[in-house]
Amino acid sequence: MGKLIRYAKPYWIQSVICPILMIGEVVLELLIPYYMGRIVDVGIPNGDMQYVLRTGGMMILMAGVSLMCGGLAARLAAVASMGLGARVREAMYKNIQTFSFSNIDKFSTASLVTRMTTDVTTVQNMYQMMLRMFFRAPLQFVCAMFLSFRLNPTVGDVFLVVIPLILVTLAIFGPIAMRRFKKMLKMFDGLNASVQENLIAIRVVKAFVRGDYEKKKFKKANDDLMAAAVSAEKLMVAAQPLMMLTMFGTILAIAYISSTDIVAGTLEIGAFATVLTYVMQILMSVIMIAMIFVSYVMSRAAASRIWEVIVERPDINDNEADPDLHVEKGDIEFKNVSFKYNAEGKRNVVDSVNLHIAAGETVGVIGGTGSAKTTLVSLIPRLYDVTAGEVLVDGRNVKDYTIYELRESVSMVLQNNVLFSGSILDNLRWGDENATEEEIVEACKAAQADDFIRAFPDGYHTDLGQGGVNVSGGQKQRLCIARALLKKPKILILDDSTSAVDTVTDSKIREAFRTQIPDTTRIIIAQRISSVEDADKIVVLDGGKISDVGTHEELLERSPIYSEVYHSQQKGGAALGEAD
């Protein structure tokens, strides 16, 4: 919490003035019972209506000023706490943008959403409470205790018993509650994961009529969260009756002691009413302190989760980079490259790969599922860093380039084609935010996307909806290819990016690559042999290792894996033709 509060620095004026106003509110609230007692003990017995009216008017004025102090303090606390929340979320979001894939793998998406919403809200509520109650409650407690002792010293005997009892209760319940609230926050992650997954894949859920299954899955996550919340709150609920018993027991004890003093003539009725009011204020202060403690327990668990995200350092950085180094040609070389996702893993996902790709070459990559095709090409733009060996671009280790320069020079169309809310034009300008409409149209023609875009009533200004729901899978792939081309990259990587388009369109896209970007190094990962058969060379991967490298004709002669895939696809195509 102490580390997070520094994000409230821009709101230090509000954070300072708010406690000062709270002090004013408390002092005035404590004076009002005192003057009420004076009216009862002095003004009324003496029949001095002028004294009563003068003192009563002063009490009304103090109540009004106290109200103003409290209202303004509440507003300032709200501004400061909301500002703190906004800056903490901003710090988290900025740091998340620097994460490498391995950092993102460490935190689930659902967990990051929970930390940026629920956890931040918990912390900002705690800060707001701290600005108000943290200063108000102790001050009210001390001042009310002092004033009640002055009016009736025997009150102290009761509080000598009550206060230690309350402190012991908080000390016992606090650590247990902390563990339970941490568990509850983790359950929020599980619930968010269930909701997020369902909403993203809602079309698949409906297509497979799996609504009932998803309901059951959500119910389990929701019930688990409820159970964890009940377990955490149960302690707090159990503590409240004890607090109320303590409060009313204290009032009864003090009323009994004071009544004997009134009978003995050592305590006036007005003073007794004042003491009773101060006792209520003391006990309310104790309850407020207890609330602060509960909120602190919750916010401490939330703050630790937030801080984990803020202090997480990206595994991939520019520490070894030369800011003046630029990718000029797009020559790529893998030198004895090995990689595994977990440093403690026993098996390499990519194992001892040696491969040279000359600038301007078209290279196909094929292999079975799990053969590390995507992982291998992900090492070029440093989405992951090699475990052993090195990846060279233009003869320099990729670590010598800044991440920005390297990734600006590499366009990668991933397996999962992601489009964002907004128009087609907005999405395409992710490749180059300053691209002219002529450049955009040219890229779309190369990606065979221009025709279907113009078929929409709004053309390039068509709203795609969230995630590109208004276009088909093949159209989405072609838009992503056009977006990648707008970067004018030195290296273009297509990761199975034409699987949803027909073979004729696929052939036209590859022909456009040959004629329009001949100097760009092109790496095409594909399941269809037809997508890579005209490549300068084809890499066959098997179990994370290179099984063979050669042209289409060479591999047909000497690679059993390539030959088997080719002939199985040929037979499948022939069978499909006969069926038609």
# chains A, B, ... in the order shown; residues from 1 in each chain; ligands from 1
$ residues_around --residues "Ala91 in chain A" --least-positions-apart "6" --cutoff "12 Å" --atoms "only C-alpha atoms" --output "ChimeraX atom specification"
/A:4,6-7,84-85,97-98,116,120,306-312
$ write_last_selection --atoms "C-alpha atoms" --output "JSON list (two decimals), in the first residue's frame"
[["chain", "number", "residue", "atom", "x", "y", "z"],
["A", 4, "LEU", "CA", 1.08, 2.37, -4.39],
["A", 6, "ARG", "CA", 3.00, 7.36, -4.25],
["A", 7, "TYR", "CA", 0.75, 7.39, -7.33],
["A", 84, "LEU", "CA", -4.90, 7.29, -7.37],
["A", 85, "GLY", "CA", -6.92, 4.50, -8.98],
["A", 97, "GLN", "CA", 2.43, -3.13, -22.96],
["A", 98, "THR", "CA", 6.15, -3.81, -22.41],
["A", 116, "MET", "CA", -6.88, -3.62, -13.10],
["A", 120, "VAL", "CA", -7.62, -1.25, -8.02],
["A", 306, "ILE", "CA", -1.29, -4.99, -8.32],
["A", 307, "TRP", "CA", 2.34, -4.49, -7.35],
["A", 308, "GLU", "CA", 3.27, -7.84, -8.95],
["A", 309, "VAL", "CA", 2.14, -6.45, -12.31],
["A", 310, "ILE", "CA", 3.77, -3.03, -11.87],
["A", 311, "VAL", "CA", 7.20, -4.40, -10.88],
["A", 312, "GLU", "CA", 7.19, -7.22, -13.43]]
$ residues_around --residues "Ser559 in chain A" --least-positions-apart "2" --cutoff "9 Å" --atoms "only C-alpha atoms" --output "VMD selection string"
chain A and resid 540 547 to 549 554 to 557 561 to 564
$ residues_around --residues "Ala443 in chain A" --least-positions-apart "2" --cutoff "12 Å" --atoms "only C-alpha atoms" --output "number ranges by chain"
A: 425, 428-429, 431-432, 435-441, 445-450, 478-488, 509, 512-513, 516-517
$ write_last_selection --atoms "C-alpha atoms" --output "compact mmCIF listing (two decimals), in the first residue's frame"
# COMPACT_ATOMS: atom_id res chain seq x y z
CA LEU A 425 -9.50 1.79 -42.67
CA LEU A 428 -5.41 -1.31 -41.84
CA ARG A 429 -3.64 1.78 -40.52
CA GLY A 431 0.35 -1.23 -40.28
CA ASP A 432 1.13 2.42 -40.97
CA ALA A 435 -0.61 5.53 -44.88
CA THR A 436 -2.54 7.29 -47.63
CA GLU A 437 -5.72 5.79 -49.03
CA GLU A 438 -3.84 5.02 -52.26
CA GLU A 439 -1.24 2.99 -50.33
CA ILE A 440 -3.99 1.20 -48.43
CA VAL A 441 -5.82 0.29 -51.65
CA LYS A 445 -5.16 -5.33 -53.96
CA ALA A 446 -1.98 -7.31 -53.26
CA ALA A 447 -3.79 -9.18 -50.47
CA GLN A 448 -6.81 -9.76 -52.75
CA ALA A 449 -9.00 -7.82 -50.33
CA ASP A 450 -9.93 -4.75 -52.40
CA ARG A 478 -6.67 -11.00 -46.24
CA LEU A 479 -7.23 -7.83 -44.20
CA CYS A 480 -4.47 -8.93 -41.80
CA ILE A 481 -2.12 -9.58 -44.74
CA ALA A 482 -2.89 -6.13 -46.17
CA ARG A 483 -2.23 -4.59 -42.76
CA ALA A 484 1.14 -6.35 -42.60
CA LEU A 485 2.09 -5.18 -46.11
CA LEU A 486 1.45 -1.54 -45.18
CA LYS A 487 4.45 -1.69 -42.83
CA LYS A 488 6.65 -2.18 -45.92
CA ILE A 509 -1.57 -13.38 -53.20
CA ALA A 512 1.49 -10.28 -55.88
CA PHE A 513 4.27 -10.87 -53.35
CA GLN A 516 5.27 -6.09 -55.70
CA ILE A 517 7.65 -6.89 -52.84
$ atom_distance --atom1 "CA of Tyr460 in chain A" --atom2 "CA of Ile525 in chain A"
28.6 Å
$ residues_around --residues "Ile316 in chain A" --least-positions-apart "3" --cutoff "8 Å" --atoms "only C-alpha atoms" --output "PDB file with N, CA and C atoms, in the first residue's frame"
ATOM      1  N   PHE A  99       5.398  -6.050 -21.799  1.00  0.00           N
ATOM      2  CA  PHE A  99       5.600  -7.476 -21.533  1.00  0.00           C
ATOM      3  C   PHE A  99       5.944  -8.234 -22.813  1.00  0.00           C
ATOM      4  N   SER A 100       6.840  -9.169 -22.682  1.00  0.00           N
ATOM      5  CA  SER A 100       7.081 -10.124 -23.759  1.00  0.00           C
ATOM      6  C   SER A 100       6.044 -11.235 -23.640  1.00  0.00           C
ATOM      7  N   ARG A 382      11.809 -11.544 -31.965  1.00  0.00           N
ATOM      8  CA  ARG A 382      12.015 -11.635 -30.513  1.00  0.00           C
ATOM      9  C   ARG A 382      10.697 -11.603 -29.727  1.00  0.00           C
ATOM     10  N   TYR A 384       9.878 -14.286 -28.509  1.00  0.00           N
ATOM     11  CA  TYR A 384      10.560 -15.052 -27.466  1.00  0.00           C
ATOM     12  C   TYR A 384      12.047 -14.962 -27.755  1.00  0.00           C
ATOM     13  N   ASP A 385      12.867 -15.142 -26.727  1.00  0.00           N
ATOM     14  CA  ASP A 385      14.315 -15.178 -26.906  1.00  0.00           C
ATOM     15  C   ASP A 385      14.813 -16.616 -26.885  1.00  0.00           C
TER      16      ASP A 385
END
$ residues_around --residues "Met288 in chain A" --least-positions-apart "4" --cutoff "9 Å" --atoms "only C-alpha atoms" --output "number ranges by chain"
A: 133-134, 136-137, 283-284, 292-293
$ atom_distance --atom1 "CA of Val162 in chain A" --atom2 "CA of Ala273 in chain A"
20.6 Å
$ select_by_dssp --residues "range 173-401 of chain A" --states "strand (DSSP E)" --output "PyMOL selection string"
chain A and resi 332-339+350-357+362-367+388-393+396-397
$ closest_atom_pairs --of "range 410-476 of chain A" --to "range 491-502 of chain A" --cutoff "7 Å" --atoms "only C-alpha atoms" --output "CSV"
residue,atom,partner,partner_atom,distance
A:Val410,CA,A:Ile491,CA,4.7
A:Ser411,CA,A:Leu492,CA,4.9
A:Met412,CA,A:Ile493,CA,4.6
A:Val413,CA,A:Leu494,CA,5.0
A:Leu414,CA,A:Asp495,CA,5.3
A:Gln415,CA,A:Asp495,CA,5.4
A:Gly473,CA,A:Ala500,CA,6.0
A:Gly474,CA,A:Ala500,CA,4.6
$ closest_residue --among "A:Ala301, A:Thr246, A:Ser371, A:Lys545" --to "Ser352 in chain A" --atoms "only C-alpha atoms"
A:Lys545
$ closest_atom_pairs --of "range 496-559 of chain A" --to "range 329-342 of chain A" --cutoff "10 Å" --atoms "only C-alpha atoms" --output "CSV"
residue,atom,partner,partner_atom,distance
A:Asp519,CA,A:Lys329,CA,7.9
A:Thr520,CA,A:Gly330,CA,7.0
A:Thr521,CA,A:Gly330,CA,5.9
A:Arg522,CA,A:Gly330,CA,9.3
A:Gly544,CA,A:Ser338,CA,8.8
A:Lys545,CA,A:Ser338,CA,9.3
